[in-house]
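S.K.: If it helps, the file is called work37.csv and holds CSV, N, CA and C atoms:
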```csv
chain,number,residue,atom,x,y,z
A,217,MET,N,59.1,105.1,126.0
A,217,MET,CA,58.4,103.8,125.9
A,217,MET,C,57.2,103.7,126.8
A,218,ASN,N,56.1,103.4,126.3
A,218,ASN,CA,54.9,103.3,127.1
A,218,ASN,C,54.5,101.8,127.3
A,219,GLU,N,54.9,101.3,128.5
A,219,GLU,CA,54.6,99.9,128.8
A,219,GLU,C,53.2,99.8,129.5
A,220,THR,N,52.5,98.8,129.2
A,220,THR,CA,51.2,98.5,129.9
A,220,THR,C,51.4,97.4,130.9
A,221,LEU,N,50.8,97.6,132.0
A,221,LEU,CA,50.9,96.5,133.1
A,221,LEU,C,49.9,95.4,132.7
A,222,PRO,N,50.3,94.2,133.1
A,222,PRO,CA,49.4,93.1,132.8
A,222,PRO,C,48.1,93.3,133.7
A,223,SER,N,47.0,92.8,133.1
A,223,SER,CA,45.8,92.9,133.9
A,223,SER,C,45.8,92.0,135.1
A,224,PRO,N,45.2,92.4,136.2
A,224,PRO,CA,45.3,91.5,137.4
A,224,PRO,C,44.4,90.3,137.2
A,225,ILE,N,44.8,89.2,137.8
A,225,ILE,CA,44.0,88.0,137.7
A,225,ILE,C,42.9,88.1,138.7
A,226,PRO,N,41.6,87.9,138.2
A,226,PRO,CA,40.5,88.0,139.1
A,226,PRO,C,40.5,86.9,140.2
A,227,LEU,N,40.3,87.3,141.4
A,227,LEU,CA,40.2,86.3,142.5
A,227,LEU,C,38.8,86.2,143.0
A,228,LEU,N,38.4,85.0,143.3
A,228,LEU,CA,37.1,84.7,143.8
A,228,LEU,C,37.1,84.3,145.2
A,229,LYS,N,36.0,84.6,145.9
A,229,LYS,CA,35.7,84.1,147.3
A,229,LYS,C,35.2,82.7,147.1
A,230,LYS,N,35.0,82.0,148.3
A,230,LYS,CA,34.5,80.6,148.3
A,230,LYS,C,33.2,80.4,147.6
A,231,LYS,N,32.2,81.2,148.0
A,231,LYS,CA,30.8,81.0,147.4
A,231,LYS,C,30.7,81.1,145.9
A,232,PRO,N,31.3,82.2,145.4
A,232,PRO,CA,31.3,82.3,143.9
A,232,PRO,C,32.0,81.2,143.2
A,233,LEU,N,33.1,80.7,143.8
A,233,LEU,CA,33.9,79.6,143.2
A,233,LEU,C,33.0,78.3,143.3
A,234,ALA,N,32.4,78.1,144.4
A,234,ALA,CA,31.5,76.9,144.5
A,234,ALA,C,30.4,76.9,143.5
A,235,LEU,N,29.8,78.1,143.3
A,235,LEU,CA,28.7,78.2,142.3
A,235,LEU,C,29.3,77.9,140.9
A,236,LEU,N,30.4,78.5,140.5
A,236,LEU,CA,31.0,78.3,139.2
A,236,LEU,C,31.4,76.8,139.0
A,237,LEU,N,31.8,76.1,140.0
A,237,LEU,CA,32.2,74.7,139.8
A,237,LEU,C,31.1,73.7,140.1
A,238,GLY,N,29.9,74.2,140.6
A,238,GLY,CA,28.8,73.4,140.8
A,238,GLY,C,28.9,72.5,142.0
A,239,VAL,N,29.6,72.9,143.0
A,239,VAL,CA,29.8,72.2,144.2
A,239,VAL,C,29.4,73.0,145.4
A,240,SER,N,29.4,72.4,146.6
A,240,SER,CA,29.0,73.2,147.8
A,240,SER,C,30.2,73.9,148.4
A,241,SER,N,29.9,74.9,149.2
A,241,SER,CA,30.9,75.7,149.9
A,241,SER,C,31.7,74.7,150.8
A,242,ARG,N,31.1,73.7,151.3
A,242,ARG,CA,31.7,72.8,152.2
A,242,ARG,C,32.8,71.9,151.4
A,243,THR,N,32.4,71.6,150.2
A,243,THR,CA,33.4,70.9,149.3
A,243,THR,C,34.7,71.8,149.1
A,244,ILE,N,34.5,73.0,148.9
A,244,ILE,CA,35.6,73.9,148.7
A,244,ILE,C,36.4,73.9,150.0
A,245,ASP,N,35.8,74.0,151.2
A,245,ASP,CA,36.5,73.9,152.5
A,245,ASP,C,37.3,72.6,152.6
A,246,ASN,N,36.7,71.5,152.2
A,246,ASN,CA,37.4,70.2,152.2
A,246,ASN,C,38.6,70.2,151.3
A,247,TRP,N,38.5,70.7,150.1
A,247,TRP,CA,39.6,70.8,149.2
A,247,TRP,C,40.7,71.7,149.7
A,248,VAL,N,40.4,72.8,150.4
A,248,VAL,CA,41.4,73.6,151.0
A,248,VAL,C,42.1,72.9,152.1
A,249,ALA,N,41.3,72.2,153.0
A,249,ALA,CA,41.9,71.4,154.1
A,249,ALA,C,42.8,70.3,153.6
A,250,GLN,N,42.5,69.7,152.5
A,250,GLN,CA,43.3,68.7,151.9
A,250,GLN,C,44.5,69.2,151.0
A,251,ARG,N,44.5,70.5,150.9
A,251,ARG,CA,45.5,71.2,150.0
A,251,ARG,C,45.4,70.7,148.6
A,252,ALA,N,44.1,70.4,148.2
A,252,ALA,CA,43.9,69.9,146.8
A,252,ALA,C,43.8,71.0,145.8
A,253,ILE,N,43.5,72.2,146.2
A,253,ILE,CA,43.4,73.4,145.3
A,253,ILE,C,44.2,74.5,145.9
A,254,PRO,N,44.8,75.4,145.0
A,254,PRO,CA,45.5,76.5,145.4
A,254,PRO,C,44.6,77.6,145.9
A,255,TYR,N,45.1,78.4,146.9
A,255,TYR,CA,44.3,79.5,147.4
A,255,TYR,C,45.3,80.5,148.0
A,256,ILE,N,44.8,81.7,148.3
A,256,ILE,CA,45.5,82.7,149.0
A,256,ILE,C,44.7,83.0,150.3
A,257,ALA,N,45.4,82.9,151.4
A,257,ALA,CA,44.7,83.1,152.7
A,257,ALA,C,44.8,84.6,153.0
A,258,ALA,N,43.7,85.3,152.7
A,258,ALA,CA,43.6,86.8,152.9
A,258,ALA,C,43.5,87.0,154.4
A,259,SER,N,42.9,86.1,155.1
A,259,SER,CA,42.9,86.2,156.6
A,259,SER,C,42.6,84.7,157.0
A,260,PRO,N,42.7,84.4,158.3
A,260,PRO,CA,42.5,83.0,158.7
A,260,PRO,C,41.2,82.4,158.3
A,261,ARG,N,40.2,83.3,158.1
A,261,ARG,CA,38.8,82.8,157.7
A,261,ARG,C,38.4,83.1,156.3
A,262,MET,N,39.2,83.7,155.5
A,262,MET,CA,38.9,84.1,154.2
A,262,MET,C,40.0,83.7,153.2
A,263,HIS,N,39.6,82.8,152.2
A,263,HIS,CA,40.5,82.4,151.2
A,263,HIS,C,40.0,82.9,149.9
A,264,LEU,N,41.0,83.2,149.0
A,264,LEU,CA,40.7,83.7,147.7
A,264,LEU,C,41.2,82.7,146.7
A,265,PHE,N,40.6,82.6,145.5
A,265,PHE,CA,40.9,81.5,144.6
A,265,PHE,C,41.0,82.1,143.2
A,266,GLU,N,41.9,81.6,142.3
A,266,GLU,CA,41.9,82.0,140.9
A,266,GLU,C,41.4,80.8,140.2
A,267,LEU,N,40.3,81.0,139.4
A,267,LEU,CA,39.5,79.9,138.8
A,267,LEU,C,40.3,79.0,138.0
A,268,GLU,N,41.1,79.5,137.1
A,268,GLU,CA,41.9,78.6,136.2
A,268,GLU,C,42.9,77.8,136.9
A,269,SER,N,43.5,78.3,138.0
A,269,SER,CA,44.4,77.5,138.8
A,269,SER,C,43.7,76.4,139.5
A,270,VAL,N,42.5,76.7,140.0
A,270,VAL,CA,41.7,75.7,140.7
A,270,VAL,C,41.3,74.6,139.7
A,271,LYS,N,40.9,75.0,138.5
A,271,LYS,CA,40.5,74.0,137.5
A,271,LYS,C,41.7,73.1,137.2
A,272,GLN,N,42.8,73.6,137.0
A,272,GLN,CA,44.0,72.8,136.7
A,272,GLN,C,44.4,71.9,137.8
A,273,ALA,N,44.3,72.4,139.1
A,273,ALA,CA,44.6,71.5,140.2
A,273,ALA,C,43.6,70.3,140.3
A,274,LEU,N,42.3,70.6,140.1
A,274,LEU,CA,41.3,69.6,140.1
A,274,LEU,C,41.6,68.5,139.0
A,275,LYS,N,42.0,69.0,137.8
A,275,LYS,CA,42.3,68.0,136.8
A,275,LYS,C,43.5,67.2,137.1
A,276,ALA,N,44.5,67.8,137.7
A,276,ALA,CA,45.7,67.1,138.1
A,276,ALA,C,45.4,66.1,139.2
A,277,LYS,N,44.6,66.5,140.2
A,277,LYS,CA,44.4,65.6,141.4
A,277,LYS,C,43.4,64.5,141.1
A,278,PHE,N,42.3,64.9,140.4
A,278,PHE,CA,41.2,63.9,140.2
A,278,PHE,C,41.1,63.4,138.8
A,279,GLY,N,41.8,64.0,137.9
A,279,GLY,CA,41.8,63.5,136.5
A,279,GLY,C,40.5,63.9,135.7
A,280,VAL,N,39.8,64.9,136.2
A,280,VAL,CA,38.6,65.3,135.5
A,280,VAL,C,38.7,66.8,135.3
A,281,GLU,N,38.0,67.3,134.3
A,281,GLU,CA,37.9,68.7,134.1
A,281,GLU,C,36.6,69.2,134.7
A,282,ALA,N,36.7,70.4,135.3
A,282,ALA,CA,35.6,71.1,135.9
A,282,ALA,C,34.6,71.5,134.8
A,283,ILE,N,33.4,71.2,134.9
A,283,ILE,CA,32.3,71.6,134.0
A,283,ILE,C,31.5,72.7,134.6
A,284,MET,N,31.5,73.8,133.9
A,284,MET,CA,30.7,74.9,134.4
A,284,MET,C,29.3,74.7,134.3
A,285,PRO,N,28.5,74.8,135.4
A,285,PRO,CA,27.0,74.6,135.3
A,285,PRO,C,26.4,75.7,134.4
A,286,ARG,N,25.3,75.4,133.8
A,286,ARG,CA,24.5,76.4,133.0
A,286,ARG,C,23.8,77.3,134.0
A,287,PRO,N,23.7,78.6,133.7
A,287,PRO,CA,22.9,79.4,134.5
A,287,PRO,C,21.4,79.1,134.4
A,288,HIS,N,20.7,79.3,135.5
A,288,HIS,CA,19.3,79.1,135.5
A,288,HIS,C,18.6,80.3,134.8
A,289,CYS,N,17.6,79.9,134.0
A,289,CYS,CA,16.8,81.0,133.3
A,289,CYS,C,15.6,81.3,134.0
```
I'd like the structure from this file rewritten - as structure tokens, please.

M.R.:
Amino acid sequence: MNETLPSPIPLLKKKPLALLLGVSSRTIDNWVAQRAIPYIAASPRMHLFELESVKQALKAKFGVEAIMPRPHC
């Protein structure tokens, strides 16, 4: 039997997450400090985030869905 492993969930650093959500890096820091969004502490100064989990947490906490900003042309 040839089983395939599930594909890994892509993890984002703070700046790419902030860009995708259309907020500042400082806002991400605030949400982490408030424990408003899930994260993985890779080190004391670096957190990793899974986009869909963050979006679900924001919807649960604030009652709004994250809208992805359009890329600049």

S.K.: Enter the distance from CA of Leu274 (chain A) to CA of Ile253 (chain A), in Å, rounded to one decimal.

M.R.: 6.8 Å

S.K.: Rounded to one decimal in Å, what is the spacing between CA of Val239 (chain A) and CA of Ser223 (chain A)?

M.R.: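 So the two atoms, CA of Val239 (chain A) and CA of Ser223 (chain A), lie 28.1 Å apart.
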
S.K.: Could you pull out the helix (DSSP H, G or I) residues of chain A, going by DSSP on the backbone, and write them as a VMD selection string?

M.R.: chain A and resid 230 to 237 241 to 249 267 to 278

S.K.: With only C-alpha atoms as the counted atoms, please give the residues lying no more than 12 Å from Phe265 (chain A), apart from itself and same-chain residues fewer than 5 positions off, as number ranges by chain.

M.R.: A: 225-234, 236, 244-245, 247-248, 253-258, 270-271, 273

S.K.: So what do you get for CA of Glu281 (chain A) versus CA of Arg242 (chain A), distance-wise?

M.R.: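 It comes out at 19.6 Å.
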
S.K.: Select, from A:Thr220, A:Lys277, A:Leu267, A:Ala282, the residue with the minimum atom-to-atom distance to Arg251 (chain A), counting only C-alpha atoms.

M.R.: A:Lys277

S.K.: According to DSSP computed on the backbone, where in region 233-276 of chain A is there strand (DSSP E or B)? Give the residues as a list in words.

M.R.: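 For region 233-276 of chain A, the strand (DSSP E or B) set is Ile256, Ala257, Ala258, Ser259, Met262, His263, Leu264 and Phe265 of chain A.
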